[in-house]
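Q: The structure follows.
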2 protein chains.
Amino acid sequence: MKARVYISLKNGVLDPQGKAISHSLQGLGFKNVLDVRQGKTIDLDLADMDRDAAEAEVERMCQQLLANTVIENYSIEMLD
Amino acid sequence: MKARVYISLKNGVLDPQGKAISHSLQGLGFKNVLDVRQGKTIDLDLADMDRDAAEAEVERMCQQLLANTVIENYSIEMLD
């Protein structure tokens, strides 16, 4: 069973990497770039199990390790 | 106009971050984790322009800066 976790900084949290990318893009001549925010995807390959149980387990993984819930949002997509 | 770029390591490319996450999850007792791969999302906020022109521009951004096309795959999702 596969799942994908999307992790992104909460609105209002400074994103230095996004700023650096935006600055580099401007330097390369991409003048239409207004803002850039970088996030993470974590693709999990899990042993075969009940889909709801798997989603609950991924939720716990996010709470315990994958996301810093103080400054990050996360969402879970079960892929199969 | 908003676009999201998904960047992930090509198959066969070693993912040390993914391995570290997998190891940590096992250590926390998540025994159903078989493999973990980490990727990036880059959310771009672009000036209003023609959708196809915007997508072509994001394609150029990926080729020139956002993705290391030797070891990474990328895909573009135009969000509005």
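Just remember, in the structure tokens the first chain shown is A, the second B, etc., residues are 1-based per chain, and ligands are 1-based in the order shown.
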Counting only C-alpha atoms, which residues of chain A come no farther than 7 Å from chain B, as a VMD selection string?

A: chain A and resid 32 to 47

Q: Using backbone DSSP assignments, extract all strand (DSSP E) residues from chain B; output them as a PDB file with C-alpha atoms, in the first residue's frame.

A:
ATOM      1  CA  LYS B   2      -0.496  29.571  -9.462  1.00  0.00           C
ATOM      2  CA  ALA B   3       1.478  26.473 -10.393  1.00  0.00           C
ATOM      3  CA  ARG B   4       2.883  23.600  -8.394  1.00  0.00           C
ATOM      4  CA  VAL B   5       6.013  21.709  -9.401  1.00  0.00           C
ATOM      5  CA  TYR B   6       6.558  18.192  -8.030  1.00  0.00           C
ATOM      6  CA  ILE B   7      10.189  17.092  -7.935  1.00  0.00           C
ATOM      7  CA  SER B   8      11.247  13.559  -7.006  1.00  0.00           C
ATOM      8  CA  LEU B   9      14.364  11.485  -7.328  1.00  0.00           C
ATOM      9  CA  VAL B  33       7.028   0.907   6.668  1.00  0.00           C
ATOM     10  CA  LEU B  34       8.761  -0.844   3.744  1.00  0.00           C
ATOM     11  CA  ASP B  35      10.296   2.181   1.997  1.00  0.00           C
ATOM     12  CA  VAL B  36      10.263   5.985   2.127  1.00  0.00           C
ATOM     13  CA  ARG B  37      11.134   8.444  -0.670  1.00  0.00           C
ATOM     14  CA  GLN B  38      11.245  12.201  -0.086  1.00  0.00           C
ATOM     15  CA  GLY B  39      10.507  14.769  -2.788  1.00  0.00           C
ATOM     16  CA  LYS B  40       9.856  18.496  -3.092  1.00  0.00           C
ATOM     17  CA  THR B  41       6.941  20.683  -4.064  1.00  0.00           C
ATOM     18  CA  ILE B  42       7.534  24.222  -5.287  1.00  0.00           C
ATOM     19  CA  ASP B  43       4.499  26.479  -5.311  1.00  0.00           C
ATOM     20  CA  LEU B  44       4.858  29.347  -7.756  1.00  0.00           C
ATOM     21  CA  ASP B  45       2.758  32.494  -7.667  1.00  0.00           C
ATOM     22  CA  LEU B  46       3.006  34.043 -11.136  1.00  0.00           C
ATOM     23  CA  GLU B  72      15.322  14.144 -10.654  1.00  0.00           C
ATOM     24  CA  ASN B  73      11.935  13.890 -12.359  1.00  0.00           C
ATOM     25  CA  TYR B  74       9.541  16.827 -12.292  1.00  0.00           C
ATOM     26  CA  SER B  75       5.914  17.404 -13.134  1.00  0.00           C
ATOM     27  CA  ILE B  76       3.952  20.632 -13.376  1.00  0.00           C
ATOM     28  CA  GLU B  77       0.408  21.223 -12.179  1.00  0.00           C
ATOM     29  CA  MET B  78      -1.226  24.503 -13.138  1.00  0.00           C
TER      30      MET B  78
END

Q: Could you tell me how far CA of Arg51 in chain A sits from CA of Ile71 in chain A, in Å to one decimal place?

A: 28.1 Å

Q: Would you return as a PyMOL selection string the members of chain B that DSSP assigns to helix (DSSP H, G or I) on this structure's backbone?

A: chain B and resi 16-27+51-66

Q: Mind pulling up the distance from CA of Ala53 in chain A to CA of Asp80 in chain A?

A: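 We find that CA of Asp80 in chain A and CA of Ala53 in chain A lie 13.3 Å from each other.
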